[in-house]
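Enquirer: Got a structure for you, target-v9.txt, holding compact mmCIF, C-alpha atoms.
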```txt
# COMPACT_ATOMS: atom_id res chain seq x y z
CA ALA A 1 1.77 -7.43 34.83
CA GLN A 2 4.33 -5.21 33.23
CA SER A 3 4.85 -1.71 34.57
CA VAL A 4 7.15 1.18 33.81
CA SER A 5 8.34 3.79 36.28
CA GLN A 6 9.73 7.16 35.36
CA HIS A 7 11.18 8.80 38.40
CA ASN A 8 11.28 12.40 37.28
CA HIS A 9 7.92 13.96 36.48
CA HIS A 10 9.24 17.44 35.79
CA VAL A 11 12.78 18.45 34.90
CA ILE A 12 14.01 21.98 34.30
CA LEU A 13 17.42 22.51 32.73
CA SER A 14 19.39 25.31 31.17
CA GLU A 15 20.65 24.97 27.63
CA ALA A 16 23.91 22.99 27.36
CA ALA A 17 23.20 21.10 30.58
CA SER A 18 23.37 17.33 30.54
CA LEU A 19 20.22 15.26 30.77
CA GLU A 20 19.47 11.89 32.26
CA LEU A 21 15.93 10.60 32.63
CA GLY A 22 15.36 7.46 34.60
CA CYS A 23 13.21 4.53 33.50
CA ASN A 24 12.70 1.22 35.26
CA TYR A 25 10.44 -1.58 34.18
CA SER A 26 9.12 -4.66 35.84
CA TYR A 27 8.99 -7.79 33.74
CA GLY A 28 11.08 -10.89 34.07
CA GLY A 29 11.15 -11.95 30.45
CA THR A 30 12.65 -10.60 27.26
CA VAL A 31 11.55 -7.08 26.46
CA ASN A 32 11.81 -4.44 23.80
CA LEU A 33 12.37 -0.94 25.15
CA PHE A 34 11.52 2.44 23.70
CA TRP A 35 11.75 6.12 24.39
CA TYR A 36 9.13 8.30 22.74
CA VAL A 37 9.01 12.10 22.71
CA GLN A 38 5.97 14.31 22.41
CA TYR A 39 6.74 17.89 21.40
CA PRO A 40 4.05 20.46 22.17
CA GLY A 41 1.15 19.99 19.79
CA GLN A 42 2.77 17.09 17.98
CA HIS A 43 2.34 13.33 17.91
CA LEU A 44 4.42 10.80 19.77
CA GLN A 45 7.68 10.20 17.96
CA LEU A 46 10.19 7.43 18.48
CA LEU A 47 13.51 8.65 19.88
CA LEU A 48 15.23 5.31 20.11
CA LYS A 49 14.62 1.62 20.67
CA TYR A 50 16.35 -1.43 22.06
CA PHE A 51 15.59 -4.91 20.79
CA SER A 52 18.82 -6.82 21.38
CA GLY A 53 22.59 -6.55 21.05
CA ASP A 54 24.62 -3.56 22.17
CA PRO A 55 22.91 -2.23 25.31
CA LEU A 56 23.94 1.32 24.45
CA VAL A 57 21.63 2.58 21.76
CA LYS A 58 21.76 5.86 19.94
CA GLY A 59 18.71 7.65 18.69
CA ILE A 60 17.78 10.80 16.89
CA LYS A 61 18.79 14.31 17.90
CA GLY A 62 21.80 13.21 19.93
CA PHE A 63 19.89 11.10 22.44
CA GLU A 64 21.13 7.76 23.71
CA ALA A 65 19.96 5.19 26.22
CA GLU A 66 21.58 2.35 28.08
CA PHE A 67 19.84 -0.92 28.84
CA ILE A 68 21.04 -2.42 32.11
CA LYS A 69 19.31 -5.76 32.41
CA SER A 70 20.37 -6.40 36.00
CA LYS A 71 18.77 -3.14 37.07
CA PHE A 72 15.73 -3.39 34.79
CA SER A 73 16.61 0.10 33.64
CA PHE A 74 16.68 1.99 30.35
CA ASN A 75 17.80 5.53 31.15
CA LEU A 76 17.79 8.25 28.53
CA ARG A 77 20.74 10.62 28.21
CA LYS A 78 21.84 13.61 26.23
CA PRO A 79 25.14 15.38 26.92
CA SER A 80 23.96 18.87 26.03
CA VAL A 81 20.28 19.83 25.77
CA GLN A 82 18.84 22.54 23.58
CA TRP A 83 15.78 24.70 23.99
CA SER A 84 14.14 22.65 21.22
CA ASP A 85 14.32 19.55 23.44
CA THR A 86 11.48 20.95 25.54
CA ALA A 87 8.91 18.17 25.37
CA GLU A 88 7.42 15.26 27.26
CA TYR A 89 9.39 12.02 27.23
CA PHE A 90 7.88 8.59 27.64
CA CYS A 91 9.61 5.31 28.31
CA ALA A 92 7.76 2.21 27.10
CA VAL A 93 8.20 -1.53 27.11
CA THR A 94 6.73 -4.38 25.16
CA THR A 95 7.33 -8.07 25.28
CA ARG A 96 8.49 -9.99 22.27
CA GLY A 97 5.58 -10.65 19.98
CA PHE A 98 4.51 -7.05 20.38
CA GLN A 99 1.10 -7.19 21.86
CA LYS A 100 0.98 -3.80 23.50
CA LEU A 101 3.15 -0.97 24.69
CA VAL A 102 3.21 -0.23 28.39
CA PHE A 103 4.15 3.38 29.02
CA GLY A 104 5.51 5.24 31.98
CA THR A 105 3.76 8.37 33.19
CA GLY A 106 6.16 10.60 31.31
CA THR A 107 8.71 13.28 32.17
CA ARG A 108 8.05 16.84 31.22
CA LEU A 109 11.32 18.55 30.30
CA LEU A 110 11.64 22.31 30.12
CA VAL A 111 14.87 23.71 28.73
CA SER A 112 15.41 27.40 29.38
CA PRO A 113 17.47 29.37 26.87
CA ASP B 1 4.51 8.09 2.55
CA ALA B 2 1.50 8.89 4.67
CA GLY B 3 1.89 8.48 8.38
CA VAL B 4 -0.88 7.55 10.78
CA THR B 5 -3.87 9.84 10.40
CA GLN B 6 -6.69 10.27 12.85
CA SER B 7 -9.99 12.08 12.67
CA PRO B 8 -11.41 14.20 14.03
CA THR B 9 -8.69 16.13 15.85
CA HIS B 10 -11.02 17.50 18.48
CA LEU B 11 -14.46 16.46 19.65
CA ILE B 12 -16.86 17.62 22.35
CA LYS B 13 -19.61 15.25 23.47
CA THR B 14 -22.21 15.17 26.21
CA ARG B 15 -22.36 12.53 28.90
CA GLY B 16 -24.28 9.47 27.77
CA GLN B 17 -23.62 10.04 24.10
CA GLN B 18 -21.67 7.76 21.79
CA VAL B 19 -18.57 8.65 19.81
CA THR B 20 -16.63 7.13 16.91
CA LEU B 21 -12.99 7.92 16.26
CA ARG B 22 -11.18 6.95 13.09
CA CYS B 23 -7.65 5.94 12.19
CA SER B 24 -5.79 5.22 8.99
CA PRO B 25 -2.54 3.34 9.55
CA LYS B 26 0.81 4.14 8.06
CA SER B 27 1.14 2.85 4.52
CA GLY B 28 2.13 -0.84 4.56
CA HIS B 29 1.06 -1.45 8.15
CA ASP B 30 -1.58 -4.02 9.00
CA THR B 31 -1.99 -3.74 12.78
CA VAL B 32 -3.73 -0.95 14.64
CA SER B 33 -3.65 -0.31 18.37
CA TRP B 34 -5.62 2.26 20.33
CA TYR B 35 -4.45 4.08 23.45
CA GLN B 36 -6.07 6.49 25.87
CA GLN B 37 -3.89 9.27 27.29
CA ALA B 38 -5.47 11.11 30.18
CA LEU B 39 -4.05 14.45 31.23
CA GLY B 40 -0.70 14.04 32.95
CA GLN B 41 -0.54 10.32 32.27
CA GLY B 42 1.16 8.03 29.83
CA PRO B 43 -0.87 6.33 27.11
CA GLN B 44 -2.90 3.32 28.28
CA PHE B 45 -3.50 0.42 25.90
CA ILE B 46 -7.14 -0.09 24.96
CA PHE B 47 -6.98 -2.84 22.32
CA GLN B 48 -5.25 -4.02 19.18
CA TYR B 49 -6.69 -5.11 15.82
CA TYR B 50 -5.16 -7.35 13.24
CA GLU B 51 -6.90 -9.14 10.37
CA GLU B 52 -10.12 -7.39 11.37
CA GLU B 53 -10.17 -9.05 14.77
CA GLU B 54 -9.48 -7.77 18.25
CA ARG B 55 -6.28 -9.54 19.30
CA GLN B 56 -5.66 -8.16 22.75
CA ARG B 57 -7.46 -5.88 25.12
CA GLY B 58 -6.42 -3.72 28.02
CA ASN B 59 -8.39 -2.95 31.17
CA PHE B 60 -11.20 -1.01 29.56
CA PRO B 61 -14.93 -1.71 29.89
CA ASP B 62 -17.10 -3.08 27.12
CA ARG B 63 -18.29 0.45 26.39
CA PHE B 64 -15.09 0.67 24.39
CA SER B 65 -15.29 -1.28 21.16
CA GLY B 66 -13.55 -1.22 17.85
CA HIS B 67 -13.45 -2.37 14.32
CA GLN B 68 -10.86 -2.89 11.63
CA PHE B 69 -11.72 -2.73 7.96
CA PRO B 70 -10.24 -4.70 5.06
CA ASN B 71 -8.07 -1.70 4.15
CA TYR B 72 -6.58 -1.88 7.71
CA SER B 73 -8.18 1.35 8.86
CA SER B 74 -9.87 1.23 12.22
CA GLU B 75 -12.56 2.81 14.36
CA LEU B 76 -12.82 3.20 18.09
CA ASN B 77 -16.34 3.47 19.49
CA VAL B 78 -17.19 4.56 22.99
CA ASN B 79 -20.76 4.25 24.25
CA ALA B 80 -22.46 5.90 27.21
CA LEU B 81 -19.73 8.50 27.58
CA LEU B 82 -18.59 9.46 31.06
CA LEU B 83 -16.76 12.59 32.13
CA GLY B 84 -13.76 10.38 32.85
CA ASP B 85 -13.54 9.39 29.20
CA SER B 86 -12.18 12.84 28.42
CA ALA B 87 -8.69 12.21 27.10
CA LEU B 88 -6.44 12.16 24.07
CA TYR B 89 -7.06 9.00 22.07
CA LEU B 90 -4.08 7.77 20.13
CA CYS B 91 -3.92 5.34 17.28
CA ALA B 92 -0.72 3.45 16.57
CA SER B 93 0.08 1.25 13.61
CA SER B 94 2.67 -1.44 13.13
CA LEU B 95 3.54 -4.36 10.90
CA ARG B 96 2.62 -7.74 12.32
CA LEU B 97 5.21 -9.71 10.37
CA GLN B 98 7.92 -7.83 12.23
CA ALA B 99 6.36 -8.67 15.58
CA LEU B 100 9.65 -9.58 17.19
CA ASN B 101 11.32 -6.32 16.31
CA THR B 102 8.61 -3.92 15.38
CA GLU B 103 7.89 -0.39 16.41
CA ALA B 104 4.67 1.54 16.55
CA PHE B 105 3.98 4.78 14.74
CA PHE B 106 1.48 7.13 16.35
CA GLY B 107 -1.05 9.54 14.98
CA GLN B 108 -1.62 13.00 16.41
CA GLY B 109 -4.60 11.81 18.35
CA THR B 110 -8.18 12.86 18.87
CA ARG B 111 -8.85 15.10 21.85
CA LEU B 112 -12.21 14.06 23.29
CA THR B 113 -13.92 16.28 25.83
CA VAL B 114 -17.02 14.99 27.57
CA VAL B 115 -19.19 17.64 29.21
```
Written as structure tokens, how would this file's structure read?
Expert:
Amino acid sequence: AQSVSQHNHHVILSEAASLELGCNYSYGGTVNLFWYVQYPGQHLQLLLKYFSGDPLVKGIKGFEAEFIKSKFSFNLRKPSVQWSDTAEYFCAVTTRGFQKLVFGTGTRLLVSP
Amino acid sequence: DAGVTQSPTHLIKTRGQQVTLRCSPKSGHDTVSWYQQALGQGPQFIFQYYEEEERQRGNFPDRFSGHQFPNYSSELNVNALLLGDSALYLCASSLRLQALNTEAFFGQGTRLTVV
């Protein structure tokens, strides 16, 4: 069965600090990878996605993620966080054919001004 | 362009009761999936509906059932509610034809509290 691990459950950063959130998945086949963000009181929104091609993908709001197939990883990065990035971040995977999304447990990010 | 809408936003039920949650998919989408998000956890897949049939199911008991209507909207029903069913229930819609490279759009969820 597929699973997704997010190593950091809570992260606290100051504004302008760099961010990297880890995500590892377990599945031997071809996968699609996603990062979703949930701002306080809002619905899950897609930050970025990887289907194929360039393993470095850029998303909204200055976020990017790198797919490293050999490490089964899809880490999320942002060079300089803002207070408005305070949210919960979820990594998710689905196999081709899109049957279901398997989510990690999430990382709660708090950015202090 | 309407996104995914869910109703109600909040609900309080008593143990043993039954509940129905509703979802309207994003315009143009034909597939609806339901997820349960317990406090401090990531969303867990309940089931997916396409062409009014349940296509795949996660590890949830038969107390959880669903329905999809011809207009692609969907309902999630939970019978014999338990305290552990308290969670945020999320609906996600997608377009089946783009199955290889599709993404899901989520509603704001229904917060169910069982007392």
Enquirer: Compile the contact shell of range 31-37 of chain A as a list in words: residues with an atom at most 6 Å away, counting all atoms listed in the file, same-chain residues fewer than 2 positions apart removed.
Expert: Leu44, Gln45, Leu46, Leu47, Leu48, Lys49, Tyr50, Phe51, Glu88, Tyr89, Phe90, Cys91, Ala92, Val93, Thr94, Thr95 and Arg96 of chain A
Enquirer: Using only C-alpha atoms, can you tell me which of B:Gln41, B:Cys91, B:Gly109, B:Thr102 comes closest to Glu75 in chain B?
Expert: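 That would be B:Cys91, the residue with the smallest distance to Glu75 in chain B.
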Enquirer: With all atoms listed in the file as the counted atoms, please give the residues lying no more than 10 Å from Gln108 in chain B, apart from itself and same-chain residues fewer than 4 positions off, as a list in words.
Expert: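 So, after excluding close chain neighbours, the residues are Gln38, Gly41, Gln42, His43, Leu44 and Gln45 of chain A; Gly3, Val4, Thr5, Gln6, Ser7, Thr9, Leu88, Tyr89, Leu90, Cys91 and Ala92 of chain B.
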Enquirer: Give me, as a list of chain:residue names, all polymer residues having an atom no more than 8 Å from Pro55 in chain A, counting only C-alpha atoms and skipping those fewer than 3 positions away in the same chain.
Expert: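 Selected residues are A:Tyr50, A:Ser52, A:Glu66, A:Phe67, A:Ile68.
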Enquirer: Within 9 Å of Leu110 in chain A, counting only C-alpha atoms, which residues qualify if same-chain residues fewer than 6 places away don't, as a PyMOL selection string?
Expert: chain A and resi 10-14+83+85-88
Enquirer: Next, the residues of the selection above should be written as an mmCIF file, in the frame of the given file with C-alpha atoms.
Expert:
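Saved the output as part.cif:
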```
data_model
loop_
_atom_site.group_PDB
_atom_site.id
_atom_site.type_symbol
_atom_site.label_atom_id
_atom_site.label_comp_id
_atom_site.auth_asym_id
_atom_site.auth_seq_id
_atom_site.Cartn_x
_atom_site.Cartn_y
_atom_site.Cartn_z
ATOM 1 C CA HIS A 10 9.240 17.440 35.790
ATOM 2 C CA VAL A 11 12.780 18.450 34.900
ATOM 3 C CA ILE A 12 14.010 21.980 34.300
ATOM 4 C CA LEU A 13 17.420 22.510 32.730
ATOM 5 C CA SER A 14 19.390 25.310 31.170
ATOM 6 C CA TRP A 83 15.780 24.700 23.990
ATOM 7 C CA ASP A 85 14.320 19.550 23.440
ATOM 8 C CA THR A 86 11.480 20.950 25.540
ATOM 9 C CA ALA A 87 8.910 18.170 25.370
ATOM 10 C CA GLU A 88 7.420 15.260 27.260
#
```
Enquirer: What gap, in Å, lies between CA of Leu76 in chain A and CA of Gly22 in chain A?
Expert: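 Calculated distance between CA of Leu76 in chain A and CA of Gly22 in chain A is 6.6 Å.
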Enquirer: Just to confirm, what's the straight-line distance from CA of Leu56 in chain A to CA of Ala16 in chain A in Å (one decimal)?
Expert: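 One can read the CA of Leu56 in chain A to CA of Ala16 in chain A distance as 21.9 Å.
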Enquirer: Find, counting only C-alpha atoms, the residue in B:Lys13, B:Arg57, B:Arg22, B:His29 that gets nearest to chain A.
Expert: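 Using only C-alpha atoms, the shortest distance to chain A belongs to B:Arg57.
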Enquirer: Could range 46-69 of chain A be completed with N, CA, C and O atoms and written as an mmCIF file, in the coordinates of the input, please?
Expert:
```
data_model
loop_
_atom_site.group_PDB
_atom_site.id
_atom_site.type_symbol
_atom_site.label_atom_id
_atom_site.label_comp_id
_atom_site.auth_asym_id
_atom_site.auth_seq_id
_atom_site.Cartn_x
_atom_site.Cartn_y
_atom_site.Cartn_z
ATOM 1 N N LEU A 46 9.191 8.329 17.921
ATOM 2 C CA LEU A 46 10.190 7.430 18.480
ATOM 3 C C LEU A 46 11.552 8.102 18.527
ATOM 4 O O LEU A 46 12.048 8.610 17.524
ATOM 5 N N LEU A 47 12.152 8.120 19.715
ATOM 6 C CA LEU A 47 13.510 8.650 19.880
ATOM 7 C C LEU A 47 14.545 7.558 19.632
ATOM 8 O O LEU A 47 15.532 7.761 18.947
ATOM 9 N N LEU A 48 14.313 6.428 20.264
ATOM 10 C CA LEU A 48 15.230 5.310 20.110
ATOM 11 C C LEU A 48 14.567 4.035 20.629
ATOM 12 O O LEU A 48 13.530 4.092 21.296
ATOM 13 N N LYS A 49 15.187 2.914 20.308
ATOM 14 C CA LYS A 49 14.620 1.620 20.670
ATOM 15 C C LYS A 49 15.742 0.629 20.942
ATOM 16 O O LYS A 49 16.846 0.747 20.394
ATOM 17 N N TYR A 50 15.431 -0.330 21.799
ATOM 18 C CA TYR A 50 16.350 -1.430 22.060
ATOM 19 C C TYR A 50 15.595 -2.732 21.852
ATOM 20 O O TYR A 50 14.557 -2.972 22.485
ATOM 21 N N PHE A 51 16.157 -3.576 20.988
ATOM 22 C CA PHE A 51 15.590 -4.910 20.790
ATOM 23 C C PHE A 51 16.549 -5.979 21.312
ATOM 24 O O PHE A 51 16.150 -6.889 22.020
ATOM 25 N N SER A 52 17.818 -5.860 20.941
ATOM 26 C CA SER A 52 18.820 -6.820 21.380
ATOM 27 C C SER A 52 20.190 -6.265 21.003
ATOM 28 O O SER A 52 20.294 -5.224 20.353
ATOM 29 N N GLY A 53 21.251 -6.946 21.448
ATOM 30 C CA GLY A 53 22.590 -6.550 21.050
ATOM 31 C C GLY A 53 23.189 -5.511 21.979
ATOM 32 O O GLY A 53 22.980 -5.556 23.194
ATOM 33 N N ASP A 54 23.917 -4.587 21.397
ATOM 34 C CA ASP A 54 24.620 -3.560 22.170
ATOM 35 C C ASP A 54 23.633 -2.836 23.080
ATOM 36 O O ASP A 54 22.659 -2.248 22.604
ATOM 37 N N PRO A 55 23.871 -2.853 24.395
ATOM 38 C CA PRO A 55 22.910 -2.230 25.310
ATOM 39 C C PRO A 55 22.928 -0.702 25.269
ATOM 40 O O PRO A 55 22.047 -0.069 25.839
ATOM 41 N N LEU A 56 23.906 -0.125 24.614
ATOM 42 C CA LEU A 56 23.940 1.320 24.450
ATOM 43 C C LEU A 56 23.403 1.653 23.063
ATOM 44 O O LEU A 56 24.006 1.312 22.053
ATOM 45 N N VAL A 57 22.252 2.286 23.041
ATOM 46 C CA VAL A 57 21.630 2.580 21.760
ATOM 47 C C VAL A 57 21.596 4.078 21.534
ATOM 48 O O VAL A 57 21.410 4.860 22.466
ATOM 49 N N LYS A 58 21.780 4.438 20.302
ATOM 50 C CA LYS A 58 21.760 5.860 19.940
ATOM 51 C C LYS A 58 20.507 6.127 19.117
ATOM 52 O O LYS A 58 20.099 5.326 18.272
ATOM 53 N N GLY A 59 19.912 7.280 19.396
ATOM 54 C CA GLY A 59 18.710 7.650 18.690
ATOM 55 C C GLY A 59 18.889 8.942 17.924
ATOM 56 O O GLY A 59 19.993 9.381 17.656
ATOM 57 N N ILE A 60 17.752 9.556 17.640
ATOM 58 C CA ILE A 60 17.780 10.800 16.890
ATOM 59 C C ILE A 60 18.130 11.964 17.806
ATOM 60 O O ILE A 60 18.013 11.864 19.035
ATOM 61 N N LYS A 61 18.567 13.039 17.212
ATOM 62 C CA LYS A 61 18.790 14.310 17.900
ATOM 63 C C LYS A 61 19.790 14.210 19.044
ATOM 64 O O LYS A 61 19.694 14.962 20.016
ATOM 65 N N GLY A 62 20.740 13.295 18.946
ATOM 66 C CA GLY A 62 21.800 13.210 19.930
ATOM 67 C C GLY A 62 21.455 12.464 21.208
ATOM 68 O O GLY A 62 22.242 12.442 22.153
ATOM 69 N N PHE A 63 20.288 11.857 21.265
ATOM 70 C CA PHE A 63 19.890 11.100 22.440
ATOM 71 C C PHE A 63 20.472 9.685 22.405
ATOM 72 O O PHE A 63 20.688 9.111 21.325
ATOM 73 N N GLU A 64 20.708 9.143 23.577
ATOM 74 C CA GLU A 64 21.130 7.760 23.710
ATOM 75 C C GLU A 64 20.529 7.171 24.972
ATOM 76 O O GLU A 64 20.064 7.907 25.857
ATOM 77 N N ALA A 65 20.488 5.852 25.026
ATOM 78 C CA ALA A 65 19.960 5.190 26.220
ATOM 79 C C ALA A 65 20.755 3.919 26.454
ATOM 80 O O ALA A 65 21.266 3.300 25.517
ATOM 81 N N GLU A 66 20.846 3.556 27.712
ATOM 82 C CA GLU A 66 21.580 2.350 28.080
ATOM 83 C C GLU A 66 20.657 1.370 28.771
ATOM 84 O O GLU A 66 19.998 1.700 29.760
ATOM 85 N N PHE A 67 20.620 0.155 28.247
ATOM 86 C CA PHE A 67 19.840 -0.920 28.840
ATOM 87 C C PHE A 67 20.725 -1.666 29.833
ATOM 88 O O PHE A 67 21.781 -2.193 29.459
ATOM 89 N N ILE A 68 20.322 -1.658 31.095
ATOM 90 C CA ILE A 68 21.040 -2.420 32.110
ATOM 91 C C ILE A 68 20.078 -3.486 32.619
ATOM 92 O O ILE A 68 19.182 -3.205 33.432
ATOM 93 N N LYS A 69 20.261 -4.684 32.124
ATOM 94 C CA LYS A 69 19.310 -5.760 32.410
ATOM 95 C C LYS A 69 19.220 -6.073 33.893
ATOM 96 O O LYS A 69 18.136 -6.308 34.430
#
```
